[in-house]
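Asks: Enclosed is the structure file input_14.cif (mmCIF, C-alpha atoms and all ligand atoms).
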```cif
data_my_file
#
loop_
_atom_site.label_atom_id
_atom_site.label_comp_id
_atom_site.auth_asym_id
_atom_site.auth_seq_id
_atom_site.Cartn_x
_atom_site.Cartn_y
_atom_site.Cartn_z
CA MET A 11 -246.02 -19.24 66.52
CA ASN A 12 -249.26 -20.07 68.38
CA ALA A 13 -251.10 -23.34 68.83
CA GLU A 14 -254.47 -24.63 69.96
CA ILE A 15 -255.28 -28.14 71.07
CA ILE A 16 -258.75 -29.63 70.75
CA ALA A 17 -259.52 -32.90 72.51
CA VAL A 18 -262.50 -34.59 70.89
CA GLY A 19 -264.80 -37.01 72.72
CA SER A 20 -267.89 -36.77 74.91
CA GLU A 21 -266.32 -39.18 77.42
CA MET A 22 -263.92 -36.43 78.50
CA LEU A 23 -266.80 -34.17 79.46
CA GLY A 24 -267.93 -36.65 82.12
CA PRO A 25 -266.49 -37.03 85.61
CA THR A 26 -264.29 -40.08 84.95
CA ARG A 27 -261.95 -39.27 82.05
CA ILE A 28 -259.64 -36.35 81.58
CA ASP A 29 -257.78 -34.98 78.60
CA THR A 30 -254.17 -35.87 79.29
CA ASN A 31 -253.12 -35.72 75.64
CA SER A 32 -253.02 -31.95 75.69
CA LEU A 33 -250.53 -31.95 78.59
CA PHE A 34 -248.09 -34.04 76.58
CA LEU A 35 -248.69 -31.95 73.46
CA THR A 36 -248.25 -28.67 75.33
CA ASP A 37 -244.90 -29.80 76.68
CA GLN A 38 -243.81 -30.85 73.19
CA LEU A 39 -244.98 -27.63 71.57
CA THR A 40 -243.31 -25.46 74.20
CA THR A 41 -240.03 -27.23 73.55
CA LEU A 42 -240.35 -26.30 69.88
CA GLY A 43 -241.05 -22.69 70.85
CA VAL A 44 -244.72 -22.89 69.89
CA GLU A 45 -246.96 -21.29 72.46
CA VAL A 46 -250.26 -22.95 73.35
CA VAL A 47 -252.84 -20.17 73.57
CA ALA A 48 -256.05 -22.19 73.91
CA LYS A 49 -257.26 -25.68 74.70
CA ALA A 50 -260.73 -27.16 74.36
CA VAL A 51 -262.56 -30.39 75.07
CA ILE A 52 -265.46 -30.87 72.67
CA GLY A 53 -268.07 -33.64 72.74
CA ASP A 54 -269.21 -35.61 69.74
CA ASP A 55 -271.17 -32.77 68.20
CA LEU A 56 -270.45 -31.95 64.55
CA ALA A 57 -271.69 -28.36 64.53
CA LEU A 58 -269.90 -27.38 67.73
CA LEU A 59 -266.70 -29.11 66.70
CA THR A 60 -266.74 -27.48 63.25
CA GLU A 61 -267.25 -24.05 64.76
CA THR A 62 -264.46 -24.61 67.29
CA ILE A 63 -262.03 -25.71 64.58
CA ARG A 64 -262.97 -22.80 62.33
CA THR A 65 -262.25 -20.31 65.11
CA ALA A 66 -258.98 -22.01 66.05
CA VAL A 67 -257.71 -22.16 62.47
CA HIS A 68 -258.56 -18.53 62.03
CA ARG A 69 -256.54 -17.29 65.02
CA SER A 70 -253.69 -19.81 65.46
CA ASP A 71 -250.94 -21.24 63.28
CA VAL A 72 -251.08 -24.78 64.63
CA VAL A 73 -254.28 -26.66 65.50
CA ILE A 74 -254.05 -30.19 66.87
CA LEU A 75 -257.12 -32.40 67.24
CA SER A 76 -256.85 -35.63 69.19
CA GLY A 77 -259.50 -38.33 69.14
CA GLY A 78 -262.66 -38.91 67.15
CA LEU A 79 -260.87 -40.79 64.36
CA GLY A 80 -262.56 -44.13 65.02
CA PRO A 81 -264.97 -45.97 62.73
CA THR A 82 -268.28 -45.10 64.35
CA GLU A 83 -270.87 -42.46 63.56
CA ASP A 84 -269.86 -40.40 66.56
CA ASP A 85 -266.22 -40.16 65.42
CA LEU A 86 -266.59 -36.80 63.74
CA THR A 87 -263.18 -35.18 63.64
CA ARG A 88 -262.52 -35.77 59.92
CA GLU A 89 -265.95 -34.44 58.91
CA ALA A 90 -265.62 -31.40 61.15
CA VAL A 91 -262.14 -30.45 59.90
CA ALA A 92 -263.24 -30.82 56.26
CA ALA A 93 -266.30 -28.66 56.93
CA ALA A 94 -264.30 -26.03 58.82
CA LEU A 95 -261.74 -25.78 56.01
CA GLY A 96 -264.43 -25.88 53.35
CA VAL A 97 -262.95 -28.90 51.57
CA GLY A 98 -264.18 -32.42 50.81
CA GLN A 99 -262.93 -35.88 51.70
CA THR A 100 -261.82 -38.65 49.40
CA TYR A 101 -262.12 -42.36 50.13
CA ARG A 102 -258.77 -44.10 49.70
CA ALA A 103 -259.17 -47.83 49.11
CA GLU A 104 -255.52 -48.59 49.96
CA ILE A 105 -255.99 -47.20 53.47
CA PHE A 106 -259.03 -49.42 54.00
CA GLU A 107 -257.03 -52.42 52.74
CA GLY A 108 -254.26 -51.59 55.19
CA ILE A 109 -256.76 -51.50 58.08
CA ALA A 110 -258.36 -54.74 56.83
CA ALA A 111 -254.92 -56.40 56.83
CA LEU A 112 -254.38 -55.26 60.44
CA PHE A 113 -257.73 -56.70 61.50
CA ALA A 114 -256.95 -59.98 59.72
CA LYS A 115 -253.61 -60.17 61.57
CA MET A 116 -255.45 -59.78 64.90
CA GLY A 117 -258.04 -62.38 63.81
CA ARG A 118 -260.81 -59.77 63.87
CA LYS A 119 -263.54 -59.20 61.30
CA ILE A 120 -263.56 -55.74 59.78
CA SER A 121 -266.86 -53.95 59.33
CA ASP A 122 -268.04 -51.56 56.66
CA ASN A 123 -267.89 -48.80 59.26
CA ASN A 124 -264.11 -48.88 59.11
CA LYS A 125 -264.35 -47.41 55.62
CA ARG A 126 -264.87 -44.05 57.34
CA GLN A 127 -261.31 -44.28 58.60
CA ALA A 128 -260.09 -44.37 54.98
CA ASN A 129 -261.58 -40.95 54.22
CA VAL A 130 -258.84 -38.40 53.67
CA ILE A 131 -259.45 -34.66 53.85
CA ASP A 132 -258.60 -33.10 50.49
CA GLY A 133 -255.07 -31.76 50.55
CA ALA A 134 -254.05 -33.81 53.63
CA GLU A 135 -251.02 -36.00 54.08
CA VAL A 136 -251.87 -39.31 55.74
CA LEU A 137 -249.94 -40.12 58.94
CA ALA A 138 -249.57 -43.87 59.42
CA ASN A 139 -250.68 -45.19 62.80
CA GLU A 140 -248.20 -47.85 63.83
CA ARG A 141 -249.99 -48.59 67.08
CA GLY A 142 -253.64 -48.66 66.04
CA THR A 143 -256.04 -48.51 63.16
CA ALA A 144 -257.00 -44.85 62.86
CA PRO A 145 -254.58 -42.98 60.56
CA GLY A 146 -253.75 -39.38 61.37
CA GLN A 147 -253.77 -36.47 58.94
CA TRP A 148 -251.61 -33.39 58.37
CA ILE A 149 -253.15 -30.48 56.47
CA ARG A 150 -251.49 -27.20 55.55
CA THR A 151 -253.90 -24.29 55.54
CA PRO A 152 -253.99 -21.48 52.94
CA ARG A 153 -252.74 -19.07 55.66
CA GLY A 154 -249.53 -21.09 56.07
CA GLY A 155 -250.64 -22.87 59.21
CA VAL A 156 -251.26 -26.53 59.87
CA VAL A 157 -254.07 -28.69 61.22
CA MET A 158 -253.17 -32.10 62.62
CA LEU A 159 -255.51 -34.99 63.37
CA VAL A 160 -254.06 -37.56 65.76
CA PRO A 161 -255.70 -40.57 67.46
CA GLY A 162 -257.13 -40.30 70.98
CA PRO A 163 -255.49 -43.27 72.75
CA PRO A 164 -252.36 -41.79 74.35
CA ARG A 165 -249.98 -44.58 73.28
CA GLU A 166 -251.06 -44.13 69.65
CA MET A 167 -251.01 -40.34 69.86
CA THR A 168 -247.56 -40.03 71.44
CA HIS A 169 -246.02 -42.44 68.95
CA MET A 170 -247.53 -40.64 65.97
CA TRP A 171 -246.53 -37.27 67.38
CA THR A 172 -242.91 -38.28 67.98
CA ASN A 173 -242.39 -40.00 64.66
CA GLN A 174 -244.47 -37.94 62.30
CA CYS A 175 -245.86 -34.70 63.61
CA GLN A 176 -242.92 -33.40 65.62
CA PRO A 177 -240.35 -33.63 62.78
CA ARG A 178 -242.76 -32.00 60.31
CA LEU A 179 -243.55 -29.18 62.71
CA ALA A 180 -239.89 -28.71 63.71
CA ALA A 181 -239.11 -28.07 60.04
CA MET A 182 -241.73 -25.29 59.99
CA VAL A 183 -240.64 -23.36 63.10
CA PRO A 184 -237.52 -21.21 63.40
CA PRO A 185 -234.70 -22.94 65.31
CA LEU A 186 -234.86 -22.35 69.02
CA ALA A 187 -232.46 -23.19 71.80
CA ILE A 188 -233.96 -23.80 75.21
CA ARG A 189 -232.03 -23.91 78.47
CA THR A 190 -233.60 -24.59 81.83
CA VAL A 191 -232.67 -24.40 85.48
CA TRP A 192 -234.61 -26.25 88.13
CA PHE A 193 -234.18 -25.42 91.81
CA ARG A 194 -235.96 -27.15 94.68
CA VAL A 195 -236.38 -25.37 97.97
CA SER A 196 -237.57 -26.37 101.42
CA GLY A 197 -238.39 -24.56 104.62
CA MET A 198 -240.41 -21.66 103.24
CA SER A 199 -243.94 -20.88 102.19
CA GLU A 200 -244.64 -20.09 98.55
CA SER A 201 -245.57 -16.49 99.29
CA GLU A 202 -242.50 -15.92 101.43
CA LEU A 203 -240.29 -17.34 98.70
CA ASP A 204 -241.95 -15.33 95.98
CA GLN A 205 -241.63 -12.13 97.94
CA LEU A 206 -237.93 -12.78 98.33
CA ILE A 207 -237.07 -13.76 94.76
CA ALA A 208 -239.62 -11.76 92.72
CA PRO A 209 -237.28 -8.74 92.39
CA ALA A 210 -234.67 -11.07 90.86
CA TYR A 211 -236.85 -12.65 88.19
CA LYS A 212 -239.72 -10.20 87.59
CA PRO A 213 -237.68 -7.85 85.36
CA TYR A 214 -237.14 -10.71 82.88
CA THR A 215 -239.66 -12.10 80.42
CA ASN A 216 -236.95 -14.41 79.10
CA PRO A 217 -236.25 -16.65 80.95
CA THR A 218 -239.72 -17.36 82.21
CA THR A 219 -239.90 -18.26 85.89
CA THR A 220 -242.48 -20.66 87.30
CA VAL A 221 -242.90 -21.36 91.01
CA LEU A 222 -244.71 -24.59 91.93
CA ALA A 223 -245.46 -25.35 95.56
CA LYS A 224 -246.37 -28.53 97.41
CA ALA A 225 -246.41 -28.95 101.18
CA GLY A 226 -242.86 -28.27 102.30
CA ASP A 227 -241.42 -28.42 98.80
CA ILE A 228 -241.19 -25.62 96.25
CA GLU A 229 -239.88 -25.88 92.72
CA ILE A 230 -238.51 -22.96 90.75
CA HIS A 231 -238.22 -23.46 87.01
CA LEU A 232 -236.35 -21.06 84.78
CA ARG A 233 -236.67 -21.50 81.04
CA ALA A 234 -234.83 -19.36 78.51
CA ARG A 235 -235.47 -19.51 74.79
CA CYS A 236 -233.05 -17.91 72.33
CA THR A 237 -231.73 -18.50 68.87
CA THR A 238 -228.46 -19.90 70.25
CA ALA A 239 -227.78 -22.22 73.17
CA GLU A 240 -225.12 -19.82 74.51
CA GLN A 241 -227.56 -16.94 74.77
CA ALA A 242 -230.15 -19.13 76.47
CA GLN A 243 -227.58 -20.48 78.92
CA ALA A 244 -226.32 -16.98 79.72
CA LEU A 245 -229.85 -15.85 80.52
CA VAL A 246 -230.72 -18.74 82.85
CA ASP A 247 -227.32 -18.39 84.51
CA GLU A 248 -227.85 -14.67 85.07
CA VAL A 249 -231.24 -15.05 86.74
CA GLY A 250 -230.29 -18.35 88.41
CA GLU A 251 -227.30 -16.73 90.14
CA LYS A 252 -229.49 -13.96 91.52
CA ILE A 253 -231.99 -16.45 92.92
CA LEU A 254 -229.21 -18.59 94.32
CA ALA A 255 -227.72 -15.60 96.12
CA LEU A 256 -231.08 -14.87 97.74
CA LEU A 257 -231.98 -18.40 98.77
CA GLY A 258 -228.59 -19.92 99.59
CA GLU A 259 -228.82 -23.16 101.53
CA ARG A 260 -232.56 -23.25 101.27
CA ILE A 261 -232.02 -24.60 97.77
CA TYR A 262 -231.53 -28.29 98.35
CA SER A 263 -231.40 -29.42 94.74
CA ARG A 264 -230.25 -27.84 91.51
CA ASN A 265 -231.11 -30.73 89.22
CA GLY A 266 -234.63 -31.64 90.29
CA ASP A 267 -233.66 -34.44 92.69
CA PRO A 268 -236.17 -34.79 95.54
CA LEU A 269 -235.11 -34.14 99.12
CA GLU A 270 -234.88 -37.83 100.07
CA THR A 271 -232.48 -38.47 97.19
CA VAL A 272 -230.33 -35.53 98.27
CA VAL A 273 -230.26 -36.81 101.86
CA GLY A 274 -229.43 -40.32 100.63
CA GLY A 275 -226.61 -38.91 98.51
CA LEU A 276 -225.12 -37.05 101.49
CA LEU A 277 -225.30 -40.17 103.67
CA LYS A 278 -223.70 -42.26 100.96
CA GLU A 279 -220.87 -39.78 100.51
CA ARG A 280 -220.19 -40.02 104.23
CA SER A 281 -220.71 -43.81 104.35
CA GLU A 282 -223.27 -43.26 107.09
CA THR A 283 -226.74 -44.61 107.81
CA VAL A 284 -230.03 -43.28 109.13
CA ALA A 285 -233.00 -44.69 111.04
CA VAL A 286 -236.38 -43.19 111.88
CA ALA A 287 -238.76 -43.09 114.84
CA GLU A 288 -242.12 -41.84 113.64
CA SER A 289 -245.21 -40.89 115.55
CA CYS A 290 -247.34 -38.37 113.64
CA THR A 291 -245.86 -39.24 110.23
CA SER A 292 -246.17 -42.97 110.94
CA GLY A 293 -244.35 -44.45 107.97
CA LEU A 294 -244.27 -41.47 105.60
CA LEU A 295 -240.67 -40.67 106.41
CA GLY A 296 -239.49 -44.25 105.97
CA ALA A 297 -241.50 -44.54 102.76
CA LYS A 298 -239.95 -41.36 101.36
CA LEU A 299 -236.44 -42.48 102.19
CA THR A 300 -236.98 -45.87 100.58
CA ASP A 301 -238.51 -44.29 97.45
CA THR A 302 -234.90 -43.68 96.49
CA PRO A 303 -233.26 -46.53 94.61
CA GLY A 304 -230.20 -47.83 96.45
CA SER A 305 -231.56 -46.74 99.84
CA SER A 306 -230.51 -50.05 101.40
CA ALA A 307 -226.95 -48.68 101.45
CA TRP A 308 -227.88 -45.95 103.96
CA PHE A 309 -231.35 -46.56 105.39
CA ARG A 310 -231.47 -48.91 108.38
CA GLY A 311 -235.21 -48.94 109.06
CA GLY A 312 -237.20 -47.59 111.95
CA TYR A 313 -239.95 -47.58 114.50
CA LEU A 314 -243.62 -46.60 114.23
CA VAL A 315 -244.37 -45.37 117.72
CA TYR A 316 -247.82 -43.90 117.36
CA ALA A 317 -249.17 -44.99 120.75
CA ASN A 318 -247.44 -43.72 123.86
CA ASP A 319 -246.75 -47.20 125.24
CA LEU A 320 -244.80 -47.97 122.08
CA LYS A 321 -242.86 -44.72 122.52
CA ARG A 322 -242.07 -45.95 126.04
CA ASP A 323 -240.98 -49.34 124.70
CA LEU A 324 -238.41 -47.54 122.58
CA ILE A 325 -237.15 -44.89 125.00
CA GLY A 326 -238.06 -46.07 128.48
CA GLU A 327 -240.05 -43.52 130.48
CA LEU A 328 -241.32 -40.38 128.76
CA ASN A 329 -239.58 -37.38 130.26
CA GLY A 330 -242.18 -34.93 129.06
CA PRO A 331 -245.44 -34.83 127.12
CA ALA A 332 -245.64 -37.09 124.05
CA VAL A 333 -245.45 -33.99 121.83
CA SER A 334 -242.39 -32.26 123.24
CA GLU A 335 -238.75 -31.52 122.70
CA GLU A 336 -237.70 -34.15 125.25
CA THR A 337 -239.70 -36.89 123.55
CA ALA A 338 -238.49 -35.99 120.06
CA VAL A 339 -234.88 -35.99 121.22
CA SER A 340 -235.25 -39.26 123.16
CA LEU A 341 -236.94 -40.96 120.20
CA ALA A 342 -234.17 -39.92 117.83
CA ARG A 343 -231.42 -40.98 120.23
CA ALA A 344 -233.08 -44.33 120.95
CA ALA A 345 -233.77 -45.07 117.27
CA ALA A 346 -230.13 -44.42 116.32
CA GLU A 347 -228.95 -46.60 119.20
CA ARG A 348 -231.40 -49.46 118.70
CA ALA A 349 -231.09 -49.56 114.90
CA GLY A 350 -227.32 -49.21 114.96
CA ALA A 351 -227.55 -46.19 112.67
CA ASP A 352 -225.21 -43.19 112.55
CA TRP A 353 -228.20 -40.85 112.52
CA ALA A 354 -231.86 -40.95 113.41
CA ILE A 355 -234.78 -38.62 112.79
CA SER A 356 -237.96 -38.55 114.86
CA THR A 357 -241.38 -36.94 114.54
CA THR A 358 -244.01 -36.39 117.21
CA GLY A 359 -246.89 -33.99 116.77
CA VAL A 360 -250.58 -33.22 116.43
CA ALA A 361 -251.72 -33.76 112.84
CA GLY A 362 -255.35 -33.02 113.72
CA PRO A 363 -258.16 -32.47 113.25
CA ASP A 364 -258.52 -33.41 116.96
CA GLY A 365 -256.01 -33.68 119.75
CA GLY A 366 -254.79 -30.10 119.85
CA THR A 367 -254.10 -28.45 123.20
CA GLU A 368 -253.20 -24.94 124.23
CA ALA A 369 -249.56 -25.91 124.52
CA SER A 370 -249.58 -27.97 121.31
CA PRO A 371 -252.30 -26.81 118.92
CA VAL A 372 -253.13 -28.80 115.79
CA GLY A 373 -250.20 -28.58 113.38
CA THR A 374 -247.53 -28.60 116.10
CA VAL A 375 -244.77 -31.09 115.36
CA TRP A 376 -241.47 -31.65 117.15
CA ILE A 377 -238.77 -33.09 114.95
CA GLY A 378 -235.63 -34.58 116.42
CA VAL A 379 -232.29 -35.42 114.86
CA ALA A 380 -229.64 -37.39 116.71
CA ARG A 381 -226.20 -38.62 115.91
CA GLN A 382 -225.41 -41.90 117.60
CA GLY A 383 -223.22 -41.13 120.58
CA GLY A 384 -223.23 -37.45 119.64
CA ALA A 385 -225.39 -34.36 119.65
CA ALA A 386 -229.16 -34.49 119.46
CA GLU A 387 -231.56 -31.63 118.91
CA ALA A 388 -235.22 -31.07 118.31
CA ARG A 389 -237.16 -28.22 116.77
CA ARG A 390 -240.74 -27.22 117.09
CA PHE A 391 -242.73 -26.53 113.96
CA ARG A 392 -246.25 -25.33 113.42
CA PHE A 393 -247.58 -26.45 110.06
CA PRO A 394 -250.69 -25.11 108.36
CA GLY A 395 -253.42 -27.11 106.64
CA ASP A 396 -255.29 -30.34 107.18
CA ARG A 397 -254.00 -33.63 108.53
CA THR A 398 -252.54 -34.74 105.18
CA ARG A 399 -250.65 -31.50 104.68
CA VAL A 400 -249.35 -31.40 108.25
CA ARG A 401 -247.96 -34.91 107.83
CA MET A 402 -246.42 -34.03 104.46
CA PHE A 403 -244.87 -30.85 105.86
CA ALA A 404 -243.48 -32.79 108.81
CA THR A 405 -241.91 -35.40 106.54
CA GLN A 406 -240.22 -32.77 104.40
CA ALA A 407 -239.07 -30.75 107.40
CA ALA A 408 -237.58 -33.87 109.03
CA LEU A 409 -235.64 -34.72 105.89
CA ASP A 410 -234.52 -31.12 105.62
CA MET A 411 -233.28 -31.01 109.21
CA LEU A 412 -231.09 -34.00 108.54
CA ARG A 413 -229.90 -32.53 105.24
CA ARG A 414 -228.77 -29.38 107.01
CA ARG A 415 -226.92 -31.44 109.62
CA LEU A 416 -225.19 -33.47 106.92
CA SER A 417 -224.26 -30.63 104.56
CA PRO A 418 -220.59 -29.92 105.10
CA GLY A 419 -219.96 -26.36 106.14
CA ALA A 420 -223.51 -25.32 105.32
CA LYS A 421 -224.35 -21.94 106.69
CA VAL A 422 -227.81 -22.94 107.64
CA ALA A 423 -230.50 -20.46 106.79
CA GLU A 424 -233.15 -21.53 109.23
CA SER A 425 -236.64 -21.72 107.85
CA THR A 426 -238.39 -18.60 108.96
CA TRP A 427 -242.01 -19.57 109.07
CA LEU A 428 -242.01 -23.22 109.92
CA SER A 429 -240.37 -23.11 113.27
CA ASN A 430 -241.32 -21.69 116.62
CA ALA A 431 -244.55 -20.25 115.30
P1 LIG B 501 -259.40 -45.31 68.01
O1 LIG B 501 -260.31 -45.47 66.84
O2 LIG B 501 -258.04 -45.93 67.79
O3 LIG B 501 -260.01 -45.67 69.31
P2 LIG B 501 -259.91 -42.46 68.23
O4 LIG B 501 -259.09 -41.37 67.64
O5 LIG B 501 -261.30 -42.63 67.71
O6 LIG B 501 -259.02 -43.75 68.10
P3 LIG B 501 -261.27 -42.00 70.63
O7 LIG B 501 -262.28 -43.05 70.33
O8 LIG B 501 -261.66 -40.59 70.56
O9 LIG B 501 -259.98 -42.22 69.76
O10 LIG B 501 -260.65 -42.28 72.06
C1 LIG B 501 -260.26 -43.58 72.43
C2 LIG B 501 -259.79 -43.57 73.86
O11 LIG B 501 -258.57 -42.84 73.94
C3 LIG B 501 -260.69 -42.86 74.83
O12 LIG B 501 -261.70 -43.68 75.35
C4 LIG B 501 -259.76 -42.42 75.91
O13 LIG B 501 -259.51 -43.49 76.80
C5 LIG B 501 -258.50 -42.13 75.15
N1 LIG B 501 -258.43 -40.70 74.84
C6 LIG B 501 -259.05 -40.04 73.85
N2 LIG B 501 -258.75 -38.73 73.87
C7 LIG B 501 -257.93 -38.55 74.92
C8 LIG B 501 -257.27 -37.41 75.50
N3 LIG B 501 -257.40 -36.20 74.95
N4 LIG B 501 -256.52 -37.60 76.59
C9 LIG B 501 -256.40 -38.82 77.14
N5 LIG B 501 -256.97 -39.93 76.65
C10 LIG B 501 -257.73 -39.82 75.55
#
```
Show me this structure written as C-alpha cells.

Replies:
Amino acid sequence: MNAEIIAVGSEMLGPTRIDTNSLFLTDQLTTLGVEVVAKAVIGDDLALLTETIRTAVHRSDVVILSGGLGPTEDDLTREAVAAALGVGQTYRAEIFEGIAALFAKMGRKISDNNKRQANVIDGAEVLANERGTAPGQWIRTPRGGVVMLVPGPPREMTHMWTNQCQPRLAAMVPPLAIRTVWFRVSGMSESELDQLIAPAYKPYTNPTTTVLAKAGDIEIHLRARCTTAEQAQALVDEVGEKILALLGERIYSRNGDPLETVVGGLLKERSETVAVAESCTSGLLGAKLTDTPGSSAWFRGGYLVYANDLKRDLIGELNGPAVSEETAVSLARAAAERAGADWAISTTGVAGPDGGTEASPVGTVWIGVARQGGAAEARRFRFPGDRTRVRMFATQAALDMLRRRLSPGAKVAESTWLSNA
C-alpha cells in the first residue's frame, strides 16, 4: 500500500517554517507497512492544491493532508479535497455548536468565519479534534483508498493521528510484523564502512539497511517486515550476524545507546571514574559525558587547557610541542592524578582553519588516555572537515579510545582511517 502526504500552507514555502508533520506521519506509515512514495508542500492556492490532490488520489491508496483546516478564506483544504473528488460539502450545525462551546469555554468570541470549519465533505467521517477547533475528516474513495484531513499544528495532528487515523488505517492494511536492529559504529568513515558491509546486506531487500553518518558516529539500521514476528526476527538476525562478524568491536552499541552512555556504563560496571583535560575540544568531551543521566557516579570533571600556560599549570613544563604525543599523555596523566579519577582522557590538536603546521596540519589531534598510576598512551588522528567536524570527530574518538581500554577482553580493531594519517 502506498501513501502521499501533502502539507498545506504558504508559510511552509518561506524560509522560516518547515513541514515536520510529514516526518512524523512517514514514520507512522512505515510502521504500518505503508510506503510513502511522494510528499508535497503546497501554498494556499485552490487550483494547485486541487490538482495535487487529484493526482495523489489517482496514484496512491492513502493521501494525508495536514493544515489548511482553519476558519479563514485561505484555509482551502476542505474545498480542494471536495473539488478533487468531485463531491460537495454539507454544513453541519452541530459541529459549529461544538466549536462555539469551545470558544465560550476559553472566553473567546466566535466569528461567522468559523462556520467554514463545520463544512463536511460529502461521504466523510468527522474526526474530533480534542486539542483544537478544526475537526479532521476521513473519506474513503471509490477506488478503495482513503483521504485524510488533519490539522496543521503538530500537537493537534499527532493526537488526532494516534487516536483516530492510525486505528482506522491499521484496520485497512494487512497485518505486518516489523523487527529492527540498530548498530552504532565508531572509528570508520561512511564509505569505508559501506564498502566493508555492502556485500552482507546488498543481496537483501528485506530487511532494508540504512546507513546514517555523523562525524565519528555511524548508525546502521536494519528493518525487516514480514507477516509474522518470527520471520522478521530471523531476517534481521541473519543479516545482523553477518554485519557483526565484519565489524566486530567497531560496533559500540547494539541498542542505539550513544558512545558516552556506553562508556559511562562500562565505568559504572567497574566502579571507576573518569576525568578530562581538553584543549581543542574545550568542553565538548565533558559536555558529552554529562549528557548521560547518572554521570555523577563516574564523571569527576576536568580541565579546559586551551592556552599553553594553562596546560603548563596542569602538567608542569611541556615536554614537547603543545600538539604532540608527550603533551597528550602528560595531560591525561595529570588530569587523572589531580581529579582523583581512575581514568583520564585528553585532547590536543589543530581544529583550524588556522594554526596548521607541516608537522601538525589542520585536523591533527592527539588523544591521550591514562589510568591513574598505570599505563598511559596517546594516538595521533587526522580528521577531515571544518573546525566543527574536527572537534566532533575528536570528541567521539576520545570516547572511543577509552571505551576500547575499558572493554574487557576486547580484541581491538583499530580504526583504519582516523589514525596516523
Ligand atoms: P488551526 O485552525 O487549528 O490553526 P489548521 O489546520 O488551519 O489548524 P494551519 O493554519 O495550516 O493549521 O497551521 C497552523 C500552524 O501549524 C502553522 O502556522 C504551523 O506552525 C503549524 N503547521 C502547519 N502545518 C505544519 C506542518 N506540515 N509541519 C509542521 N507544522 C505545521

Asks: Go ahead and compute the interatomic distance for atom CA of A:Asn123 and atom CA of A:Phe106, in Å to one decimal.

Replies: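 Separation between atom CA of A:Asn123 and atom CA of A:Phe106: 10.3 Å.
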
Asks: Taking 6 positions as the minimum chain separation for residues in the same chain, which residues sit within 8 Å of A:Arg126 when counting all atoms listed in the file? Answer as a PDB file with C-alpha atoms, in the frame of the given file.

Replies:
```
ATOM      1  CA  PRO A  81    -264.970 -45.970  62.730  1.00  0.00           C
ATOM      2  CA  THR A  82    -268.280 -45.100  64.350  1.00  0.00           C
ATOM      3  CA  TYR A 101    -262.120 -42.360  50.130  1.00  0.00           C
TER       4      TYR A 101
END
```

Asks: I'd like the interatomic distance between atom CA of A:Thr100 and atom CA of A:Gly19, to a tenth of an Å.

Replies: 23.6 Å

Asks: Can you pull out every residue with an atom within 10 Å of ligand LIG 501 (chain B)? Use only C-alpha atoms and all ligand atoms and format it as a compact mmCIF listing (two decimals) with C-alpha atoms, in the coordinates of the input.

Replies:
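To be explicit, this is the file written out as out_37.txt:
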```
# COMPACT_ATOMS: atom_id res chain seq x y z
CA ILE A 15 -255.28 -28.14 71.07
CA ILE A 16 -258.75 -29.63 70.75
CA ALA A 17 -259.52 -32.90 72.51
CA VAL A 18 -262.50 -34.59 70.89
CA GLY A 19 -264.80 -37.01 72.72
CA SER A 20 -267.89 -36.77 74.91
CA GLU A 21 -266.32 -39.18 77.42
CA MET A 22 -263.92 -36.43 78.50
CA ARG A 27 -261.95 -39.27 82.05
CA ILE A 28 -259.64 -36.35 81.58
CA ASP A 29 -257.78 -34.98 78.60
CA THR A 30 -254.17 -35.87 79.29
CA ASN A 31 -253.12 -35.72 75.64
CA SER A 32 -253.02 -31.95 75.69
CA LEU A 33 -250.53 -31.95 78.59
CA PHE A 34 -248.09 -34.04 76.58
CA LEU A 35 -248.69 -31.95 73.46
CA ALA A 50 -260.73 -27.16 74.36
CA VAL A 51 -262.56 -30.39 75.07
CA ILE A 52 -265.46 -30.87 72.67
CA GLY A 53 -268.07 -33.64 72.74
CA ASP A 54 -269.21 -35.61 69.74
CA LEU A 75 -257.12 -32.40 67.24
CA SER A 76 -256.85 -35.63 69.19
CA GLY A 77 -259.50 -38.33 69.14
CA GLY A 78 -262.66 -38.91 67.15
CA LEU A 79 -260.87 -40.79 64.36
CA GLY A 80 -262.56 -44.13 65.02
CA PRO A 81 -264.97 -45.97 62.73
CA THR A 82 -268.28 -45.10 64.35
CA ASP A 84 -269.86 -40.40 66.56
CA ASP A 85 -266.22 -40.16 65.42
CA LEU A 86 -266.59 -36.80 63.74
CA THR A 87 -263.18 -35.18 63.64
CA ASN A 124 -264.11 -48.88 59.11
CA GLN A 127 -261.31 -44.28 58.60
CA ASN A 139 -250.68 -45.19 62.80
CA ARG A 141 -249.99 -48.59 67.08
CA GLY A 142 -253.64 -48.66 66.04
CA THR A 143 -256.04 -48.51 63.16
CA ALA A 144 -257.00 -44.85 62.86
CA PRO A 145 -254.58 -42.98 60.56
CA GLY A 146 -253.75 -39.38 61.37
CA LEU A 159 -255.51 -34.99 63.37
CA VAL A 160 -254.06 -37.56 65.76
CA PRO A 161 -255.70 -40.57 67.46
CA GLY A 162 -257.13 -40.30 70.98
CA PRO A 163 -255.49 -43.27 72.75
CA PRO A 164 -252.36 -41.79 74.35
CA ARG A 165 -249.98 -44.58 73.28
CA GLU A 166 -251.06 -44.13 69.65
CA MET A 167 -251.01 -40.34 69.86
```

Asks: Please tabulate, as a Markdown table, the residues of stretch 331-379 of chain A that come within 6 Å of stretch 385-398 of chain A, each with its closest pair of atoms and the distance in Å to one decimal, counting all atoms listed in the file and ordering rows by chain, then residue number upward.

Replies:
```
| residue | atom | partner | partner_atom | distance |
| --- | --- | --- | --- | --- |
| A:Glu335 | CA | A:Ala388 | CA | 5.7 |
| A:Val339 | CA | A:Ala388 | CA | 5.7 |
| A:Ala361 | CA | A:Arg397 | CA | 4.9 |
| A:Gly362 | CA | A:Arg397 | CA | 5.4 |
| A:Gly373 | CA | A:Phe393 | CA | 4.7 |
| A:Thr374 | CA | A:Arg392 | CA | 4.4 |
| A:Val375 | CA | A:Phe391 | CA | 5.2 |
| A:Trp376 | CA | A:Arg390 | CA | 4.5 |
| A:Ile377 | CA | A:Ala388 | CA | 5.3 |
| A:Gly378 | CA | A:Ala388 | CA | 4.0 |
| A:Val379 | CA | A:Glu387 | CA | 5.6 |
```

Asks: I'd like the interatomic distance between atom CA of A:Asp247 and atom CA of A:Glu279, to a tenth of an Å.

Replies: 27.5 Å
